[in-house]
>>> print(open('work_24.txt').read())   # compact mmCIF, C-alpha atoms
# COMPACT_ATOMS: atom_id res chain seq x y z
CA MET A 1 0.00 0.00 0.00
CA GLU A 2 2.93 2.31 0.77
CA TRP A 3 4.35 2.16 -2.75
CA LYS A 4 0.92 2.72 -4.32
CA ASN A 5 0.59 5.99 -2.43
CA GLU A 6 4.08 7.04 -3.54
CA ILE A 7 3.24 6.26 -7.17
CA LYS A 8 0.07 8.34 -6.85
CA ILE A 9 2.09 11.30 -5.55
CA LEU A 10 4.66 10.88 -8.31
CA THR A 11 1.91 10.76 -10.94
CA TRP A 12 0.44 14.05 -9.72
CA ILE A 13 3.88 15.68 -9.71
CA ILE A 14 4.48 14.55 -13.30
CA LEU A 15 1.06 15.73 -14.48
CA VAL A 16 1.51 19.18 -12.92
CA PHE A 17 5.02 19.46 -14.37
CA VAL A 18 3.91 18.44 -17.88
CA PHE A 19 1.02 20.93 -17.76
CA ALA A 20 3.33 23.74 -16.61
CA TYR A 21 5.98 22.84 -19.20
CA PHE A 22 3.60 22.79 -22.16
CA MET A 23 1.24 25.53 -20.96
CA PRO A 24 0.15 27.37 -24.16
CA LEU A 25 0.38 30.89 -22.76
CA GLU A 26 0.62 32.38 -26.25
CA SER A 27 -2.78 30.93 -27.24
CA LEU A 28 -5.62 33.49 -27.15
CA ARG A 29 -8.09 30.69 -26.45
CA PHE A 30 -6.06 29.60 -23.41
CA GLN A 31 -5.73 33.19 -22.18
CA GLU A 32 -9.50 33.71 -22.49
CA ALA A 33 -10.17 30.45 -20.65
CA ILE A 34 -7.90 31.58 -17.80
CA MET A 35 -9.75 34.91 -17.71
CA ALA A 36 -13.09 33.05 -17.66
CA MET A 37 -11.85 30.90 -14.78
CA PHE A 38 -10.95 33.92 -12.65
CA ASP A 39 -14.04 35.87 -13.72
CA LEU A 40 -16.41 33.07 -12.74
CA SER A 41 -14.55 32.58 -9.45
CA LYS A 42 -14.75 36.31 -8.66
CA TRP A 43 -18.43 36.54 -9.59
CA TYR A 44 -19.24 33.41 -7.60
CA ALA A 45 -17.47 34.82 -4.54
CA GLN A 46 -19.14 38.23 -4.84
CA GLU A 47 -22.68 37.19 -5.74
CA HIS A 48 -23.18 33.71 -4.43
CA VAL A 49 -21.16 32.77 -1.35
CA ILE A 50 -22.27 35.44 1.13
CA LEU A 51 -25.92 35.83 0.14
CA CYS A 52 -26.64 32.25 -0.82
CA LEU A 53 -24.25 29.65 0.53
CA LEU A 54 -23.67 31.00 4.03
CA PRO A 55 -27.41 31.20 4.87
CA ALA A 56 -27.81 27.72 3.37
CA PHE A 57 -25.10 26.37 5.68
CA PHE A 58 -26.95 27.79 8.69
CA ILE A 59 -30.22 26.26 7.45
CA ALA A 60 -28.45 22.90 7.12
CA GLY A 61 -27.17 23.38 10.67
CA VAL A 62 -30.75 23.85 11.87
CA ILE A 63 -31.72 20.52 10.31
CA ALA A 64 -28.65 18.80 11.78
CA VAL A 65 -29.14 20.09 15.34
CA PHE A 66 -32.68 21.33 15.99
CA VAL A 67 -34.64 18.92 13.79
CA SER A 68 -34.64 15.56 15.54
CA GLN A 69 -33.66 12.40 13.72
CA GLY A 70 -37.14 11.09 14.40
CA ALA A 71 -38.71 14.09 12.64
CA VAL A 72 -36.55 13.58 9.53
CA MET A 73 -37.38 9.87 9.45
CA LYS A 74 -41.06 10.67 9.89
CA TYR A 75 -41.14 12.24 6.43
CA PHE A 76 -38.11 10.74 4.68
CA GLY A 77 -37.16 7.57 6.56
CA ALA A 78 -38.28 3.96 6.73
CA LYS A 79 -41.36 4.73 8.83
CA ALA A 80 -42.68 7.24 6.30
CA LYS A 81 -45.15 6.22 3.64
CA LYS A 82 -43.46 6.29 0.26
CA TRP A 83 -46.01 8.58 -1.33
CA VAL A 84 -45.55 11.05 1.53
CA ALA A 85 -41.74 10.92 1.37
CA TYR A 86 -41.56 11.40 -2.41
CA THR A 87 -44.31 14.02 -2.50
CA VAL A 88 -42.58 16.16 0.14
CA ALA A 89 -39.18 15.69 -1.51
CA SER A 90 -40.35 16.36 -5.07
CA VAL A 91 -42.21 19.61 -4.37
CA SER A 92 -39.78 21.00 -1.79
CA GLY A 93 -37.94 22.92 -4.48
CA THR A 94 -40.89 25.23 -5.05
CA ILE A 95 -40.06 27.10 -1.84
CA LEU A 96 -36.27 27.01 -2.18
CA ALA A 97 -34.73 29.52 -4.61
CA VAL A 98 -31.46 27.58 -4.66
CA CYS A 99 -28.94 26.36 -7.21
CA SER A 100 -27.21 23.00 -7.55
CA CYS A 101 -24.60 24.04 -4.97
CA THR A 102 -26.81 25.72 -2.38
CA ILE A 103 -28.97 22.58 -2.07
CA LEU A 104 -25.93 20.50 -1.07
CA PRO A 105 -25.69 21.35 2.64
CA LEU A 106 -29.44 20.74 2.99
CA PHE A 107 -29.17 17.38 1.21
CA SER A 108 -26.13 16.40 3.27
CA SER A 109 -27.97 17.31 6.46
CA ILE A 110 -31.13 15.25 5.86
CA HIS A 111 -29.05 12.33 4.57
CA LYS A 112 -26.99 12.29 7.77
CA ARG A 113 -30.18 12.44 9.84
CA GLY A 114 -31.40 9.15 8.41
CA ALA A 115 -33.40 10.03 5.30
CA GLY A 116 -33.78 7.18 2.83
CA LEU A 117 -31.59 7.35 -0.27
CA GLY A 118 -34.58 7.64 -2.62
CA PRO A 119 -36.34 10.60 -0.94
CA ALA A 120 -32.98 12.30 -0.27
CA ILE A 121 -32.04 12.06 -3.96
CA ALA A 122 -35.51 13.29 -4.97
CA PHE A 123 -34.97 16.30 -2.69
CA LEU A 124 -31.46 16.85 -4.09
CA TYR A 125 -32.80 16.94 -7.65
CA SER A 126 -36.02 18.88 -7.10
CA GLY A 127 -34.52 21.66 -4.96
CA PRO A 128 -32.78 23.56 -7.79
CA ALA A 129 -34.96 22.18 -10.61
CA ILE A 130 -38.39 23.54 -9.78
CA ASN A 131 -37.98 26.58 -7.56
CA ILE A 132 -40.93 28.83 -8.25
CA LEU A 133 -38.84 31.81 -9.40
CA ALA A 134 -37.11 29.76 -12.10
CA ILE A 135 -40.41 28.31 -13.34
CA ILE A 136 -42.00 31.77 -13.65
CA LEU A 137 -38.94 33.14 -15.45
CA THR A 138 -38.82 30.13 -17.79
CA ALA A 139 -42.50 30.53 -18.77
CA ARG A 140 -42.12 34.29 -19.18
CA ILE A 141 -38.98 34.28 -21.34
CA LEU A 142 -38.96 30.87 -23.05
CA GLY A 143 -42.71 30.42 -23.35
CA PHE A 144 -45.55 28.92 -21.35
CA GLU A 145 -45.11 25.53 -23.01
CA MET A 146 -41.46 25.30 -21.92
CA GLY A 147 -42.39 26.37 -18.39
CA VAL A 148 -45.02 23.63 -18.07
CA ALA A 149 -42.65 21.05 -19.59
CA ARG A 150 -39.99 22.01 -17.05
CA VAL A 151 -42.36 21.65 -14.09
CA LEU A 152 -43.73 18.28 -15.18
CA GLY A 153 -40.31 16.96 -16.19
CA ALA A 154 -38.66 18.03 -12.92
CA VAL A 155 -41.35 16.55 -10.65
CA VAL A 156 -41.42 13.25 -12.55
CA PHE A 157 -37.61 13.18 -12.69
CA SER A 158 -37.21 13.60 -8.95
CA VAL A 159 -39.60 10.74 -8.17
CA VAL A 160 -38.29 8.38 -10.88
CA ILE A 161 -34.61 9.03 -10.17
CA GLY A 162 -35.12 8.74 -6.40
CA SER A 163 -37.09 5.49 -6.85
CA ALA A 164 -34.47 4.11 -9.23
CA MET A 165 -31.65 4.86 -6.77
CA SER A 166 -33.63 3.23 -3.98
CA LEU A 167 -34.23 0.14 -6.16
CA ILE A 168 -30.61 -0.14 -7.31
CA TYR A 169 -29.33 0.04 -3.73
CA ARG A 170 -32.25 -1.84 -2.19
CA LYS A 171 -30.05 -4.09 -0.06
CA GLU A 172 -28.44 -1.13 1.68
CA GLU A 173 -31.80 0.58 2.01
CA LYS A 174 -33.38 -2.56 3.46
CA ALA A 175 -30.68 -2.74 6.12
CA LYS A 176 -31.21 0.95 6.92
CA ARG A 177 -34.98 0.43 7.16
CA GLU A 178 -34.59 -2.50 9.54
CA GLU A 179 -32.28 -0.42 11.71
CA GLN A 180 -34.70 2.53 11.71
CA MET A 181 -37.69 0.36 12.61
CA ASN A 182 -36.04 -0.25 15.97
CA PHE A 183 -35.26 3.43 16.44
CA PRO A 184 -37.21 4.68 19.49
CA ASP A 185 -39.50 7.68 19.16
CA MET A 186 -37.66 10.46 20.97
CA PRO A 187 -39.65 13.38 22.38
CA GLU A 188 -39.02 16.75 20.71
CA LYS A 189 -36.99 19.21 22.76
CA ARG A 190 -39.35 22.03 21.80
CA PRO A 191 -42.70 22.20 19.96
CA MET A 192 -42.34 21.46 16.26
CA TRP A 193 -43.90 24.79 15.30
CA GLN A 194 -41.04 26.64 17.00
CA THR A 195 -38.38 24.75 15.07
CA ALA A 196 -40.40 25.20 11.86
CA PHE A 197 -40.71 28.95 12.55
CA HIS A 198 -36.94 29.28 13.05
CA PHE A 199 -36.22 27.17 9.96
CA PHE A 200 -38.59 28.98 7.59
CA THR A 201 -37.46 32.40 8.82
CA LEU A 202 -33.95 31.53 7.65
CA VAL A 203 -35.34 30.11 4.39
CA MET A 204 -37.26 33.34 3.70
CA ILE A 205 -34.11 35.40 4.34
CA LEU A 206 -32.28 33.17 1.84
CA ILE A 207 -35.03 33.52 -0.77
CA PHE A 208 -35.53 37.28 -0.65
CA ALA A 209 -31.84 38.14 -0.29
CA ASN A 210 -31.38 36.34 -3.63
CA TRP A 211 -34.58 37.48 -5.34
CA GLY A 212 -33.81 37.80 -9.05
CA LYS A 213 -33.96 41.05 -10.99
CA PRO A 214 -36.91 41.16 -13.44
CA ALA A 215 -36.44 41.70 -17.16
CA GLU A 216 -35.51 45.23 -18.24
CA ASP A 217 -38.95 45.84 -19.75
CA VAL A 218 -40.73 44.90 -16.50
CA THR A 219 -41.42 48.11 -14.54
CA SER A 220 -44.51 47.08 -12.57
CA GLY A 221 -46.26 44.05 -11.11
CA THR A 222 -45.58 41.71 -8.22
CA TRP A 223 -42.14 40.54 -9.40
CA PHE A 224 -40.93 44.12 -9.87
CA TRP A 225 -42.36 45.18 -6.50
CA LEU A 226 -40.74 42.27 -4.67
CA TYR A 227 -37.37 43.00 -6.26
CA ALA A 228 -37.64 46.72 -5.51
CA TYR A 229 -38.34 46.01 -1.84
CA LYS A 230 -36.34 42.79 -1.46
CA TRP A 231 -34.07 44.21 1.23
CA HIS A 232 -36.98 45.68 3.16
CA ILE A 233 -38.64 42.24 3.11
CA THR A 234 -35.37 40.56 4.08
CA ALA A 235 -35.03 43.01 6.99
CA GLY A 236 -38.58 42.13 8.05
CA PHE A 237 -37.72 38.44 8.22
CA SER A 238 -34.52 39.36 10.06
CA LEU A 239 -36.71 40.89 12.77
CA LEU A 240 -38.53 37.56 13.02
CA LEU A 241 -35.14 35.86 13.32
CA ILE A 242 -34.29 38.18 16.22
CA TYR A 243 -37.55 37.14 17.91
CA SER A 244 -36.69 33.49 17.28
CA LEU A 245 -33.20 33.81 18.74
CA ILE A 246 -34.55 35.38 21.95
CA ALA A 247 -37.93 33.66 22.44
CA ILE A 248 -37.25 30.21 20.96
CA LEU A 249 -33.50 29.61 21.31
CA LYS A 250 -33.41 31.55 24.61
CA ILE A 251 -30.22 33.46 23.75
CA LYS A 252 -29.63 36.47 26.02
CA TRP A 253 -31.38 39.50 24.56
CA GLN A 254 -28.37 41.69 25.42
CA HIS A 255 -26.13 39.58 23.17
CA VAL A 256 -28.71 39.60 20.37
CA LEU A 257 -29.08 43.39 20.69
CA LEU A 258 -25.33 43.92 20.33
CA ALA A 259 -25.31 41.80 17.15
CA VAL A 260 -28.31 43.75 15.81
CA ILE A 261 -26.65 47.12 16.54
CA ALA A 262 -23.45 46.04 14.76
CA THR A 263 -25.43 44.80 11.73
CA ALA A 264 -27.60 47.93 11.56
CA ALA A 265 -24.56 50.21 11.87
CA SER A 266 -22.81 48.43 9.00
CA ALA A 267 -25.95 48.81 6.88
CA PHE A 268 -26.03 52.58 7.46
CA LEU A 269 -22.30 53.00 6.80
CA THR A 270 -22.23 51.17 3.44
CA SER A 271 -24.44 50.87 0.39
CA SER A 272 -23.48 47.24 -0.26
CA PRO A 273 -25.86 44.63 1.22
CA LEU A 274 -22.96 42.19 1.49
CA ILE A 275 -21.34 44.02 4.42
CA PRO A 276 -24.35 43.88 6.80
CA MET A 277 -24.94 40.27 5.73
CA VAL A 278 -21.36 39.37 6.71
CA VAL A 279 -21.62 41.33 9.97
CA GLY A 280 -24.99 39.71 10.73
CA ILE A 281 -23.65 36.21 10.09
CA ALA A 282 -20.55 36.92 12.18
CA GLY A 283 -22.74 38.29 14.99
CA LEU A 284 -25.02 35.25 14.84
CA SER A 285 -22.00 32.95 15.00
CA VAL A 286 -20.52 34.73 18.02
CA ILE A 287 -23.71 34.92 20.12
CA THR A 288 -24.50 31.26 19.53
CA LEU A 289 -20.94 30.12 20.28
CA ILE A 290 -20.79 31.99 23.60
CA ASP A 291 -24.32 31.02 24.67
CA LYS A 292 -24.36 29.11 27.97
CA ARG A 293 -28.09 28.46 28.29
CA ASP A 294 -28.50 25.75 25.65
CA PRO A 295 -25.62 23.68 24.22
CA ASP A 296 -27.64 23.16 21.02
CA ASN A 297 -27.15 26.81 20.10
CA LYS A 298 -23.38 26.42 20.07
CA GLU A 299 -23.76 23.08 18.31
CA TRP A 300 -25.81 24.81 15.58
CA THR A 301 -22.89 27.04 14.57
CA LEU A 302 -20.38 24.20 14.91
CA ALA A 303 -22.54 22.04 12.62
CA THR A 304 -22.71 24.94 10.17
CA TRP A 305 -18.91 25.16 10.25
CA ASP A 306 -18.64 21.41 9.61
CA PHE A 307 -20.79 21.74 6.48
CA THR A 308 -18.70 24.72 5.35
CA LYS A 309 -15.43 22.80 5.75
CA GLN A 310 -16.81 19.80 3.90
CA ILE A 311 -18.40 21.61 0.98
CA MET A 312 -16.60 24.91 0.29
CA PRO A 313 -13.20 23.53 -0.86
CA LEU A 314 -14.87 21.14 -3.33
CA LEU A 315 -17.12 23.90 -4.64
CA ALA A 316 -14.12 26.16 -5.15
CA ILE A 317 -12.31 23.50 -7.18
CA GLY A 318 -15.44 22.83 -9.21
CA VAL A 319 -16.08 26.50 -10.01
CA VAL A 320 -12.49 27.03 -11.14
CA VAL A 321 -12.55 23.96 -13.42
CA ALA A 322 -16.02 24.78 -14.79
CA GLY A 323 -14.95 28.34 -15.60
CA PHE A 324 -11.82 27.15 -17.42
CA LEU A 325 -13.63 24.50 -19.46
CA LEU A 326 -17.02 26.09 -20.19
CA GLY A 327 -16.44 29.79 -19.62
CA SER A 328 -18.11 32.46 -17.52
CA THR A 329 -21.62 33.66 -18.42
CA HIS A 330 -23.52 35.97 -16.11
CA GLY A 331 -25.33 39.27 -16.58
CA ASP A 332 -23.81 40.99 -19.62
CA THR A 333 -20.58 39.00 -19.29
CA ALA A 334 -19.84 36.14 -21.68
CA ILE A 335 -16.25 34.85 -21.68
CA ALA A 336 -15.59 31.60 -23.49
CA GLY A 337 -13.77 28.73 -21.84
CA ILE A 338 -11.29 26.39 -23.46
CA ILE A 339 -14.32 24.73 -25.13
CA PRO A 340 -15.72 27.36 -27.56
CA ASN A 341 -19.40 28.30 -27.13
CA SER A 342 -19.87 28.09 -30.89
CA TRP A 343 -19.05 24.37 -30.76
CA ILE A 344 -21.76 23.85 -28.18
CA ALA A 345 -24.34 25.89 -30.14
CA ASN A 346 -23.59 23.93 -33.33
CA LEU A 347 -23.86 20.58 -31.56
CA VAL A 348 -27.28 21.15 -29.99
CA GLY A 349 -29.31 22.06 -33.07
CA GLY A 350 -32.19 19.88 -34.26
CA ASN A 351 -33.61 17.04 -32.20
CA SER A 352 -31.27 14.11 -32.73
CA LEU A 353 -30.24 11.64 -30.04
CA PHE A 354 -26.76 13.16 -30.06
CA SER A 355 -27.92 16.79 -29.73
CA ASN A 356 -30.13 15.93 -26.75
CA PHE A 357 -27.43 13.80 -25.14
CA PHE A 358 -24.81 16.49 -25.68
CA ALA A 359 -27.11 19.17 -24.22
CA SER A 360 -27.66 16.95 -21.16
CA ILE A 361 -23.92 16.42 -20.70
CA VAL A 362 -23.13 20.14 -21.05
CA GLY A 363 -25.94 21.00 -18.65
CA ALA A 364 -24.74 18.40 -16.16
CA PHE A 365 -21.20 19.79 -15.97
CA MET A 366 -21.84 23.52 -16.45
CA TYR A 367 -22.50 25.65 -13.38
CA PHE A 368 -25.77 27.63 -13.33
CA ALA A 369 -26.47 30.03 -10.49
CA THR A 370 -30.14 30.40 -9.54
CA LEU A 371 -32.17 31.73 -12.52
CA THR A 372 -29.13 32.23 -14.80
CA GLU A 373 -29.94 29.14 -16.86
CA VAL A 374 -32.88 30.94 -18.52
CA PRO A 375 -31.00 33.85 -20.17
CA ILE A 376 -28.14 31.50 -21.09
CA LEU A 377 -30.61 29.14 -22.74
CA GLN A 378 -32.31 32.08 -24.46
CA GLY A 379 -28.99 32.93 -26.12
CA LEU A 380 -28.39 29.31 -27.17
CA ILE A 381 -31.89 29.06 -28.68
CA ALA A 382 -31.22 32.27 -30.62
CA ALA A 383 -28.01 30.62 -31.90
CA GLY A 384 -29.99 27.65 -33.27
CA MET A 385 -30.53 25.29 -30.35
CA GLY A 386 -33.52 22.94 -30.79
CA LYS A 387 -36.39 22.94 -28.28
CA GLY A 388 -35.72 19.30 -27.32
CA PRO A 389 -32.06 19.89 -26.36
CA ALA A 390 -33.17 23.14 -24.65
CA LEU A 391 -35.47 21.20 -22.32
CA ALA A 392 -32.79 18.52 -21.83
CA LEU A 393 -30.35 21.18 -20.69
CA LEU A 394 -33.00 22.76 -18.44
CA LEU A 395 -33.66 19.41 -16.74
CA ALA A 396 -30.01 18.41 -16.32
CA GLY A 397 -28.35 21.79 -15.81
CA PRO A 398 -29.79 23.47 -12.72
CA SER A 399 -29.68 20.29 -10.61
CA LEU A 400 -26.17 19.21 -11.56
CA SER A 401 -22.80 20.85 -12.02
CA LEU A 402 -19.17 19.83 -11.67
CA PRO A 403 -18.89 21.45 -8.21
CA ASN A 404 -22.14 19.75 -7.21
CA MET A 405 -20.87 16.31 -8.27
CA LEU A 406 -17.68 16.65 -6.26
CA VAL A 407 -19.62 17.36 -3.08
CA ILE A 408 -22.25 14.64 -3.68
CA ARG A 409 -19.40 12.17 -4.07
CA GLY A 410 -18.17 13.13 -0.59
CA VAL A 411 -21.63 12.47 0.87
CA ILE A 412 -22.82 9.26 -0.83
CA GLY A 413 -19.67 7.92 -2.49
CA THR A 414 -18.32 7.68 -6.03
CA GLN A 415 -20.50 4.83 -7.29
CA LYS A 416 -23.82 6.29 -6.18
CA THR A 417 -22.83 9.70 -7.58
CA LEU A 418 -22.02 8.20 -10.98
CA VAL A 419 -25.34 6.32 -11.03
CA TYR A 420 -27.24 9.50 -10.06
CA VAL A 421 -25.53 11.59 -12.76
CA LEU A 422 -26.11 8.86 -15.35
CA LEU A 423 -29.82 8.66 -14.48
CA VAL A 424 -30.23 12.44 -14.80
CA VAL A 425 -28.41 12.58 -18.15
CA VAL A 426 -30.27 9.60 -19.63
CA MET A 427 -33.69 10.84 -18.53
CA ALA A 428 -32.97 14.39 -19.70
CA THR A 429 -31.92 13.02 -23.09
CA ILE A 430 -35.05 10.89 -23.50
CA THR A 431 -37.36 13.67 -22.31
CA GLY A 432 -35.70 16.16 -24.64
CA MET A 433 -36.21 13.84 -27.62
CA ILE A 434 -39.88 13.30 -26.77
CA TYR A 435 -40.52 17.02 -26.26
CA GLY A 436 -38.62 17.95 -29.43
CA SER A 437 -40.73 15.57 -31.53
CA LEU A 438 -44.06 17.04 -30.37
>>> encode(input="work_24.txt", output="structure tokens")
Amino acid sequence: MEWKNEIKILTWIILVFVFAYFMPLESLRFQEAIMAMFDLSKWYAQEHVILCLLPAFFIAGVIAVFVSQGAVMKYFGAKAKKWVAYTVASVSGTILAVCSCTILPLFSSIHKRGAGLGPAIAFLYSGPAINILAIILTARILGFEMGVARVLGAVVFSVVIGSAMSLIYRKEEKAKREEQMNFPDMPEKRPMWQTAFHFFTLVMILIFANWGKPAEDVTSGTWFWLYAYKWHITAGFSLLLIYSLIAILKIKWQHVLLAVIATAASAFLTSSPLIPMVVGIAGLSVITLIDKRDPDNKEWTLATWDFTKQIMPLLAIGVVVAGFLLGSTHGDTAIAGIIPNSWIANLVGGNSLFSNFFASIVGAFMYFATLTEVPILQGLIAAGMGKGPALALLLAGPSLSLPNMLVIRGVIGTQKTLVYVLLVVVMATITGMIYGSL
């Protein structure tokens, strides 16, 4: 075993050396790919980590600490009726405005708490695939027909893929079910409505802090109003969080007040919403870590930190690689990766098996932040992409990405991750072909 490890180290040294030696720095394509890699990394750090991932880690911490294992198993475990487990998992995405990376700490949390593989996978897929904001934007920009196809495809996908994973690994799942059947019903530490209130307050902060900007021609209506007042709404839910910290978690009100004052002061001193969000998260971390009344409060932040350590490094690697290979596309920015966008556009025209399969593969590996898949797809359709491959990319893209795969592998292992990715790609390809032939 010793020499195998040494050979592995030597192999990595050789690969890095060969890459450095033959690095084509004079190539414009390579230079642009490097720029895309750094641009995507910078944009991801600025727009996604603070507002999206950090709140998601705290939400995952709530599930890991405050939601009892019995409660998770009630809806997702062996004691739950299958139709209940898959229904809850498949429609959960409608309330979570999350991308393929933000869903990961939530998936990891319910999986660790004893959720069955099938319902957990259904939740993993549905979370980014059918959030209500993405569905509305899809119907508005790409047409009502595409919006309906996305909803139906995503719900069916989550159930079928979850059921398939459960069937493939039925021996493991049977052993887990037998173990859970003997799991005693533990009394809840606090009423379920209190935990639900705390959980959904954090979810609402996550949703409205990341509420997408409407199209340029939209200057009125509910979507425009919600975007215009998104920070006022977020602040409103923050007040509910303050109530929850004091009344439900029993943290000293003096400590909470100090954190609130620091957050409010940072909001008045800067125009960027990122600064008060960082100060607020730091304040929340400190007051929970120093709390002496309930050890679960400290455990909440420690669990959040555990998720951060597990997931963030893999996401960083994935974003860097995705930017280099497939480029950086966000807002008005479009920088090609080492794989030219024109190649992709030319390969996804028509409705052939290859075009749908290729669209599924590209969608599976490319990183889409919440809602960005719609304008990207709009551009590809304008470049000649067929409606079948468009739906295939919509069904594979938002729920998968290279960063996402790396983290899933750390949670459920390499084999299960490969099977999950294969199921998504195959089903997206078939669905795209059917839709394209209608």
>>> closest_residue(input="work_24.txt", among="A:Leu239, A:Ile261, A:Leu28, A:Ile361", to="Pro276 of chain A", atoms="only C-alpha atoms")
A:Ile261
>>> closest_residue(input="work_24.txt", among="A:Ala303, A:Ile207, A:Leu393, A:Leu289", to="Ala64 of chain A", atoms="only C-alpha atoms")
A:Ala303
>>> residues_around(input="work_24.txt", residues="Gly280 of chain A", least_positions_apart="3", cutoff="10 Å", atoms="all atoms listed in the file", output="MDAnalysis selection string")
chainID A and resid 238 259:264 266:267 274:277 283:286
>>> write_last_selection(input="work_24.txt", atoms="C-alpha atoms", output="tab-separated table (two decimals), in the frame of the given file")
chain	number	residue	atom	x	y	z
A	238	SER	CA	-34.52	39.36	10.06
A	259	ALA	CA	-25.31	41.80	17.15
A	260	VAL	CA	-28.31	43.75	15.81
A	261	ILE	CA	-26.65	47.12	16.54
A	262	ALA	CA	-23.45	46.04	14.76
A	263	THR	CA	-25.43	44.80	11.73
A	264	ALA	CA	-27.60	47.93	11.56
A	266	SER	CA	-22.81	48.43	9.00
A	267	ALA	CA	-25.95	48.81	6.88
A	274	LEU	CA	-22.96	42.19	1.49
A	275	ILE	CA	-21.34	44.02	4.42
A	276	PRO	CA	-24.35	43.88	6.80
A	277	MET	CA	-24.94	40.27	5.73
A	283	GLY	CA	-22.74	38.29	14.99
A	284	LEU	CA	-25.02	35.25	14.84
A	285	SER	CA	-22.00	32.95	15.00
A	286	VAL	CA	-20.52	34.73	18.02
>>> axis_aligned_box(input="work_24.txt", around="segment 46-58 of chain A", padding_each_side="6 Å", output="lines of an AutoDock Vina configuration file")
center_x = -23.5
center_y = 32.3
center_z = 1.5
size_x = 20.7
size_y = 23.9
size_z = 26.4
>>> atom_distance(input="work_24.txt", atom1="atom CA of Pro340 of chain A", atom2="atom CA of Leu353 of chain A")
21.5 Å
>>> closest_residue(input="work_24.txt", among="A:Phe57, A:Phe38, A:Tyr243, A:Phe107", to="Gly337 of chain A", atoms="only C-alpha atoms")
A:Phe38
>>> atom_distance(input="work_24.txt", atom1="atom CA of Val319 of chain A", atom2="atom CA of Met405 of chain A")
11.4 Å
>>> closest_residue(input="work_24.txt", among="A:Leu249, A:Ala115, A:Leu53, A:Ile34", to="Leu315 of chain A", atoms="only C-alpha atoms")
A:Leu53
>>> atom_distance(input="work_24.txt", atom1="atom CA of Leu395 of chain A", atom2="atom CA of Ala154 of chain A")
6.4 Å
>>> residues_around(input="work_24.txt", residues="Ile63 of chain A", least_positions_apart="2", cutoff="12 Å", atoms="all atoms listed in the file", output="PyMOL selection string")
chain A and resi 56-61+65-72+105-115+195-196+198-200+202-203+296+299-301+303-304+307
>>> closest_residue(input="work_24.txt", among="A:Ser401, A:Ser126, A:Thr138, A:Gln46", to="Pro273 of chain A", atoms="only C-alpha atoms")
A:Gln46
>>> closest_residue(input="work_24.txt", among="A:Phe324, A:Phe237, A:Phe208, A:Phe354", to="Trp225 of chain A", atoms="all atoms listed in the file")
A:Phe208
>>> residues_around(input="work_24.txt", residues="Ser158 of chain A", least_positions_apart="3", cutoff="6 Å", atoms="all atoms listed in the file", output="CSV table (one decimal) with C-alpha atoms, in the coordinates of the input")
chain,number,residue,atom,x,y,z
A,90,SER,CA,-40.4,16.4,-5.1
A,122,ALA,CA,-35.5,13.3,-5.0
A,125,TYR,CA,-32.8,16.9,-7.6
A,126,SER,CA,-36.0,18.9,-7.1
A,155,VAL,CA,-41.4,16.6,-10.6
A,161,ILE,CA,-34.6,9.0,-10.2
A,162,GLY,CA,-35.1,8.7,-6.4
